[in-house]
file query.cif (mmCIF, C-alpha atoms)
data_structure
loop_
_atom_site.label_atom_id
_atom_site.label_comp_id
_atom_site.auth_asym_id
_atom_site.auth_seq_id
_atom_site.Cartn_x
_atom_site.Cartn_y
_atom_site.Cartn_z
CA MET A 586 0.00 0.00 0.00
CA PHE A 587 2.93 2.29 0.70
CA ALA A 588 4.12 1.99 -2.92
CA TRP A 589 0.65 3.00 -4.13
CA LEU A 590 0.61 6.02 -1.82
CA LYS A 591 4.09 7.01 -2.99
CA SER A 592 2.98 6.68 -6.62
CA GLN A 593 0.13 9.09 -5.93
CA PHE A 594 2.52 11.57 -4.32
CA TYR A 595 4.83 11.40 -7.37
CA TYR A 596 1.83 11.73 -9.69
CA PHE A 597 0.67 14.95 -8.08
CA GLN A 598 4.25 16.25 -8.05
CA GLN A 599 4.55 15.27 -11.74
CA GLN A 600 7.75 13.34 -10.98
CA TRP A 601 7.21 10.72 -13.66
CA GLN A 602 10.24 8.53 -13.00
CA GLY A 603 9.27 8.10 -9.34
CA PHE A 604 5.65 7.54 -10.35
CA ASP A 605 6.70 4.87 -12.85
CA GLU A 606 8.82 3.01 -10.31
CA GLN A 607 6.17 3.08 -7.58
CA VAL A 608 3.28 2.09 -9.88
CA LYS A 609 5.28 -0.93 -10.98
CA VAL A 610 6.02 -1.89 -7.35
CA ALA A 611 2.35 -1.46 -6.37
CA TYR A 612 1.32 -3.51 -9.42
CA LEU A 613 3.74 -6.32 -8.52
CA LEU A 614 2.43 -6.40 -4.92
CA ARG A 615 -1.24 -5.93 -5.88
CA ALA A 616 -2.39 -9.31 -4.51
CA GLN A 617 -1.52 -8.11 -1.00
CA LEU A 618 -3.98 -5.20 -1.23
CA PRO A 619 -7.67 -5.05 -0.28
CA THR A 620 -9.93 -5.82 -3.24
CA GLU A 621 -10.94 -2.24 -4.10
CA LEU A 622 -7.38 -0.95 -3.96
CA HIS A 623 -6.15 -4.01 -5.86
CA TYR A 624 -8.60 -3.19 -8.65
CA THR A 625 -7.66 0.51 -8.62
CA VAL A 626 -3.94 -0.28 -8.79
CA VAL A 627 -4.39 -2.60 -11.77
CA LYS A 628 -6.60 -0.12 -13.66
CA SER A 629 -4.14 2.72 -13.01
CA ALA A 630 -1.20 0.53 -13.99
CA LEU A 631 -3.01 -0.44 -17.20
CA GLN A 632 -3.44 3.22 -18.13
CA TRP A 633 0.20 3.95 -17.31
CA PHE A 634 1.48 0.95 -19.29
CA ILE A 635 -0.54 2.04 -22.31
CA TYR A 636 0.78 5.60 -21.99
CA LYS A 637 4.37 4.30 -21.73
CA GLN A 638 3.71 2.03 -24.75
CA ASP A 639 4.55 -1.06 -22.69
CA PHE A 640 1.98 -3.23 -24.40
CA TYR A 641 3.28 -6.44 -22.84
CA LEU A 642 2.49 -5.17 -19.34
CA ALA A 643 -0.79 -3.67 -20.61
CA TYR A 644 -1.95 -7.13 -21.73
CA ASN A 645 -0.74 -8.53 -18.41
CA ALA A 646 -2.86 -5.96 -16.57
CA ILE A 647 -5.93 -6.77 -18.69
CA ASN A 648 -5.51 -10.42 -17.80
CA SER A 649 -5.07 -9.49 -14.12
CA LEU A 650 -8.33 -7.53 -14.03
CA GLY A 651 -10.26 -10.71 -14.68
CA LYS A 652 -8.60 -12.51 -11.78
CA ILE A 653 -9.38 -10.16 -8.90
CA GLU A 654 -11.48 -12.04 -6.40
CA GLY A 655 -14.62 -10.12 -5.53
CA LYS A 656 -14.57 -7.95 -8.68
CA VAL A 657 -16.34 -8.63 -11.95
CA PHE A 658 -14.48 -7.88 -15.17
CA THR A 659 -16.80 -9.33 -17.80
CA SER A 660 -15.64 -11.03 -20.96
CA GLU A 661 -17.20 -8.11 -22.88
CA ASN A 662 -15.07 -5.63 -20.89
CA LYS A 663 -11.99 -7.76 -21.45
CA LEU A 664 -12.69 -7.99 -25.19
CA ALA A 665 -13.29 -4.23 -25.52
CA THR A 666 -10.18 -3.32 -23.53
CA THR A 667 -8.06 -5.83 -25.44
CA LYS A 668 -9.36 -4.43 -28.74
CA GLN A 669 -8.33 -0.90 -27.71
CA VAL A 670 -4.81 -2.06 -26.80
CA ASP A 671 -4.58 -4.13 -30.01
CA GLU A 672 -5.50 -1.05 -32.07
CA LEU A 673 -3.00 1.17 -30.24
CA LEU A 674 -0.25 -1.40 -30.71
CA ALA A 675 -1.07 -1.72 -34.43
CA GLN A 676 -0.91 2.09 -34.81
CA THR A 677 2.34 2.37 -32.86
CA THR A 678 4.82 1.12 -35.44
CA MET A 679 7.83 2.56 -33.59
CA ILE A 680 8.21 2.42 -29.82
CA ASN A 681 10.91 4.62 -28.30
CA THR A 682 11.76 4.09 -24.65
CA GLU A 683 14.12 6.22 -22.59
CA ILE A 684 15.72 4.11 -19.85
CA THR A 685 17.49 5.48 -16.81
CA LEU A 686 19.60 2.99 -14.86
CA HIS A 687 21.37 3.76 -11.59
CA ASP A 688 24.61 2.22 -10.24
CA GLN A 689 24.41 -1.58 -10.29
CA GLN A 690 20.68 -1.47 -11.11
CA VAL A 691 18.96 -4.29 -12.95
CA ASP A 692 15.95 -3.56 -15.13
CA TYR A 693 13.77 -5.67 -17.39
CA ILE A 694 12.14 -3.97 -20.37
CA SER A 695 9.36 -5.96 -22.01
CA LEU A 696 9.22 -6.01 -25.80
CA SER A 697 6.23 -5.59 -28.11
CA ARG A 698 7.91 -5.51 -31.53
CA ALA A 699 10.53 -7.76 -33.12
CA ASN A 700 13.29 -5.37 -34.24
CA ILE A 701 15.24 -3.70 -31.45
CA VAL A 702 17.97 -1.09 -31.34
CA LEU A 703 19.54 -0.31 -27.97
CA GLU A 704 21.67 2.85 -27.93
CA ASN A 705 24.46 3.76 -25.48
CA ALA A 706 24.82 0.24 -24.10
CA GLN A 707 28.64 0.23 -24.09
CA ASN A 708 28.93 0.67 -20.30
CA LEU A 709 26.42 -1.98 -19.30
CA GLU A 710 27.58 -4.97 -17.33
CA GLN A 711 24.93 -7.29 -18.73
CA VAL A 712 22.53 -7.22 -21.69
CA GLU A 713 20.32 -10.22 -22.40
CA LEU A 714 17.27 -10.88 -24.53
CA ARG A 715 15.04 -13.23 -22.57
CA CYS A 716 12.09 -14.91 -24.23
CA ALA A 717 9.97 -17.88 -23.20
CA ASN A 718 11.90 -20.04 -25.66
CA GLN A 719 15.38 -18.48 -25.77
CA VAL A 720 18.04 -16.38 -24.07
CA VAL A 721 20.52 -14.33 -26.12
CA LYS A 722 23.47 -12.64 -24.41
CA PHE A 723 24.95 -9.52 -25.98
CA SER A 724 28.32 -7.93 -25.51
CA PRO A 725 27.91 -4.33 -24.37
CA SER A 726 28.47 -1.92 -27.26
CA LYS A 727 27.50 1.57 -28.41
CA GLN A 728 24.57 0.12 -30.34
CA ILE A 729 22.93 -3.30 -30.14
CA VAL A 730 20.73 -4.23 -33.07
CA TYR A 731 18.76 -7.48 -33.09
CA ALA A 732 15.75 -9.02 -34.80
CA VAL A 733 13.72 -11.24 -32.50
CA ASP A 734 12.17 -14.30 -34.13
CA PRO A 735 8.49 -13.27 -34.57
CA ALA A 736 7.48 -16.71 -33.23
CA SER A 737 9.10 -15.84 -29.89
CA ARG A 738 6.80 -14.93 -27.02
CA ARG A 739 7.10 -13.10 -23.72
CA CYS A 740 10.34 -11.32 -24.61
CA GLY A 741 12.23 -8.61 -22.83
CA LEU A 742 15.67 -7.12 -22.33
CA LEU A 743 17.49 -7.64 -19.07
CA LEU A 744 19.87 -4.76 -18.44
CA LYS A 745 22.40 -4.38 -15.64
CA SER A 746 24.39 -1.22 -15.25
CA LYS A 747 27.93 -0.70 -13.99
CA LYS A 748 27.14 2.94 -13.30
CA SER A 749 24.31 5.38 -13.96
CA GLU A 750 23.28 5.26 -17.62
CA GLN A 751 20.80 6.84 -20.02
CA LEU A 752 19.75 4.40 -22.75
CA THR A 753 17.37 4.53 -25.68
CA LEU A 754 15.48 1.47 -26.88
CA THR A 755 13.70 1.56 -30.23
CA GLN A 756 11.31 -1.23 -31.26
CA THR A 757 9.94 -1.67 -34.78
CA GLY A 758 8.84 -4.52 -37.02
CA GLU A 759 6.39 -7.31 -36.37
CA ILE A 760 4.27 -7.47 -33.23
CA ILE A 761 5.49 -10.17 -30.84
CA VAL A 762 3.04 -9.67 -27.95
CA GLY A 763 -0.65 -10.17 -27.38
CA LEU A 764 -3.21 -11.27 -24.83
CA SER A 765 -2.70 -14.84 -26.05
CA ASP A 766 0.62 -14.79 -24.15
CA TYR A 767 -1.39 -15.06 -20.92
CA LYS A 768 -3.56 -18.09 -21.65
#
call {"tool": "encode", "arguments": {"input": "query.cif", "output": "structure tokens"}}
result
Amino acid sequence: MFAWLKSQFYYFQQQWQGFDEQVKVAYLLRAQLPTELHYTVVKSALQWFIYKQDFYLAYNAINSLGKIEGKVFTSENKLATTKQVDELLAQTTMINTEITLHDQQVDYISLSRANIVLENAQNLEQVELRCANQVVKFSPSKQIVYAVDPASRRCGLLLKSKKSEQLTLTQTGEIIVGLSDYK
């Protein structure tokens, strides 16, 4: 609950990095919350994930809404929400993500499209593509370019920094995520 309260503080202060971090923590710990707050956290996280163009986590949140005990998220609601996210993903042919890593921080960035370009990765300690069916390790370099097999599912980049870093991740190409990843 503390993470949710902190996220609201950051929201009203318009400190988006702090908001992002705390919404993700609250979302990960959502099952520990009372039903109403659990539902509110997932709905807010869904909106944030869509705004951040993290379609993988958006589909995860849609799936989570239907599993909250004591709340009804009808199949019609799920279908309509999924359709909206599907349309946004189809319209978003290029996803640009700015990533800030702190000293010795590990982050996992979920992927929605198959072609990735990671800029300024030369000082990273670890860079791995992790999918349900494969793991690919990269050597840190100024630019990492890779085409994920479109048949791969549940993919993301695991990043570990040596020191504070600003990275840019660009995703293009075929869509590699959908609600079907959660069945």
call {"tool": "residues_around", "arguments": {"input": "query.cif", "residues": "Thr666 (chain A)", "least_positions_apart": "6", "cutoff": "12 Å", "atoms": "all atoms listed in the file", "output": "CSV table (one decimal) with C-alpha atoms, keeping the file's coordinate frame"}}
result
chain,number,residue,atom,x,y,z
A,628,LYS,CA,-6.6,-0.1,-13.7
A,631,LEU,CA,-3.0,-0.4,-17.2
A,632,GLN,CA,-3.4,3.2,-18.1
A,635,ILE,CA,-0.5,2.0,-22.3
A,643,ALA,CA,-0.8,-3.7,-20.6
A,644,TYR,CA,-2.0,-7.1,-21.7
A,645,ASN,CA,-0.7,-8.5,-18.4
A,646,ALA,CA,-2.9,-6.0,-16.6
A,647,ILE,CA,-5.9,-6.8,-18.7
A,648,ASN,CA,-5.5,-10.4,-17.8
A,650,LEU,CA,-8.3,-7.5,-14.0
A,651,GLY,CA,-10.3,-10.7,-14.7
A,658,PHE,CA,-14.5,-7.9,-15.2
A,659,THR,CA,-16.8,-9.3,-17.8
A,660,SER,CA,-15.6,-11.0,-21.0
A,672,GLU,CA,-5.5,-1.0,-32.1
A,673,LEU,CA,-3.0,1.2,-30.2
A,764,LEU,CA,-3.2,-11.3,-24.8
call {"tool": "resolve_selection", "arguments": {"input": "query.cif", "expression": "the PyMOL selection byres ((chain A and resi 684) around 6)", "output": "count of residues only"}}
result
4
call {"tool": "residues_near_point", "arguments": {"input": "query.cif", "point": "(17.2, -4.8, -14.1)", "cutoff": "10 Å", "atoms": "only C-alpha atoms", "output": "PyMOL selection string"}}
result
chain A and resi 686-687+689-694+711-712+742-746
call {"tool": "resolve_selection", "arguments": {"input": "query.cif", "expression": "the PyMOL selection byres ((chain A and resi 604) around 8)", "output": "number ranges by chain"}}
result
A: 591-596, 599-603, 605-608
call {"tool": "write_last_selection", "arguments": {"input": "query.cif", "atoms": "C-alpha atoms", "output": "mmCIF file, keeping the file's coordinate frame"}}
result
data_model
loop_
_atom_site.group_PDB
_atom_site.id
_atom_site.type_symbol
_atom_site.label_atom_id
_atom_site.label_comp_id
_atom_site.auth_asym_id
_atom_site.auth_seq_id
_atom_site.Cartn_x
_atom_site.Cartn_y
_atom_site.Cartn_z
ATOM 1 C CA LYS A 591 4.090 7.010 -2.990
ATOM 2 C CA SER A 592 2.980 6.680 -6.620
ATOM 3 C CA GLN A 593 0.130 9.090 -5.930
ATOM 4 C CA PHE A 594 2.520 11.570 -4.320
ATOM 5 C CA TYR A 595 4.830 11.400 -7.370
ATOM 6 C CA TYR A 596 1.830 11.730 -9.690
ATOM 7 C CA GLN A 599 4.550 15.270 -11.740
ATOM 8 C CA GLN A 600 7.750 13.340 -10.980
ATOM 9 C CA TRP A 601 7.210 10.720 -13.660
ATOM 10 C CA GLN A 602 10.240 8.530 -13.000
ATOM 11 C CA GLY A 603 9.270 8.100 -9.340
ATOM 12 C CA ASP A 605 6.700 4.870 -12.850
ATOM 13 C CA GLU A 606 8.820 3.010 -10.310
ATOM 14 C CA GLN A 607 6.170 3.080 -7.580
ATOM 15 C CA VAL A 608 3.280 2.090 -9.880
#
call {"tool": "closest_residue", "arguments": {"input": "query.cif", "among": "A:Val720, A:Leu674, A:Val627, A:Met679", "to": "Cys740 (chain A)", "atoms": "all atoms listed in the file"}}
result
A:Val720
call {"tool": "resolve_selection", "arguments": {"input": "query.cif", "expression": "the PyMOL selection byres ((chain A and resi 626) around 9)", "output": "short mmCIF file (atom, residue, chain, number, x, y, z; two decimals) with C-alpha atoms, in the frame of the given file"}}
result
data_model
loop_
_atom_site.label_atom_id
_atom_site.label_comp_id
_atom_site.auth_asym_id
_atom_site.auth_seq_id
_atom_site.Cartn_x
_atom_site.Cartn_y
_atom_site.Cartn_z
CA TRP A 589 0.65 3.00 -4.13
CA VAL A 608 3.28 2.09 -9.88
CA ALA A 611 2.35 -1.46 -6.37
CA TYR A 612 1.32 -3.51 -9.42
CA ARG A 615 -1.24 -5.93 -5.88
CA GLU A 621 -10.94 -2.24 -4.10
CA LEU A 622 -7.38 -0.95 -3.96
CA HIS A 623 -6.15 -4.01 -5.86
CA TYR A 624 -8.60 -3.19 -8.65
CA THR A 625 -7.66 0.51 -8.62
CA VAL A 627 -4.39 -2.60 -11.77
CA LYS A 628 -6.60 -0.12 -13.66
CA SER A 629 -4.14 2.72 -13.01
CA ALA A 630 -1.20 0.53 -13.99
CA LEU A 631 -3.01 -0.44 -17.20
#
call {"tool": "atom_distance", "arguments": {"input": "query.cif", "atom1": "CA of Glu704 (chain A)", "atom2": "CA of Lys727 (chain A)"}}
result
6.0 Å
call {"tool": "axis_aligned_box", "arguments": {"input": "query.cif", "around": "region 621-639 of chain A", "padding_each_side": "4 Å", "output": "lines of an AutoDock Vina configuration file"}}
result
center_x = -3.2
center_y = 0.8
center_z = -14.4
size_x = 23.5
size_y = 17.6
size_z = 28.8
call {"tool": "closest_residue", "arguments": {"input": "query.cif", "among": "A:Asp734, A:Leu613, A:Ile701, A:Gln638", "to": "Asp671 (chain A)", "atoms": "only C-alpha atoms"}}
result
A:Gln638
call {"tool": "closest_residue", "arguments": {"input": "query.cif", "among": "A:Phe640, A:Phe597, A:Trp633, A:Phe587", "to": "Gln617 (chain A)", "atoms": "all atoms listed in the file"}}
result
A:Phe587
call {"tool": "atom_distance", "arguments": {"input": "query.cif", "atom1": "CA of Tyr731 (chain A)", "atom2": "CA of Asp639 (chain A)"}}
result
18.7 Å
call {"tool": "closest_residue", "arguments": {"input": "query.cif", "among": "A:Val762, A:Cys716, A:Ile729, A:Leu754", "to": "Gly741 (chain A)", "atoms": "all atoms listed in the file"}}
result
A:Cys716
call {"tool": "residues_around", "arguments": {"input": "query.cif", "residues": "Val730 (chain A)", "least_positions_apart": "6", "cutoff": "12 Å", "atoms": "all atoms listed in the file", "output": "list in words"}}
result
Ala699, Asn700, Ile701, Val702, Leu703, Glu704, Asn705, Ala706, Val712, Leu714, Phe723, Ser724, Thr753, Leu754, Thr755, Gln756 and Thr757 of chain A
call {"tool": "atom_distance", "arguments": {"input": "query.cif", "atom1": "CA of Thr677 (chain A)", "atom2": "CA of Phe634 (chain A)"}}
result
13.7 Å
call {"tool": "closest_residue", "arguments": {"input": "query.cif", "among": "A:Gly758, A:Glu710, A:Lys747, A:Ser695", "to": "Val733 (chain A)", "atoms": "only C-alpha atoms"}}
result
A:Gly758
call {"tool": "closest_residue", "arguments": {"input": "query.cif", "among": "A:Lys656, A:Glu713, A:Tyr641, A:Asn708", "to": "Arg738 (chain A)", "atoms": "only C-alpha atoms"}}
result
A:Tyr641
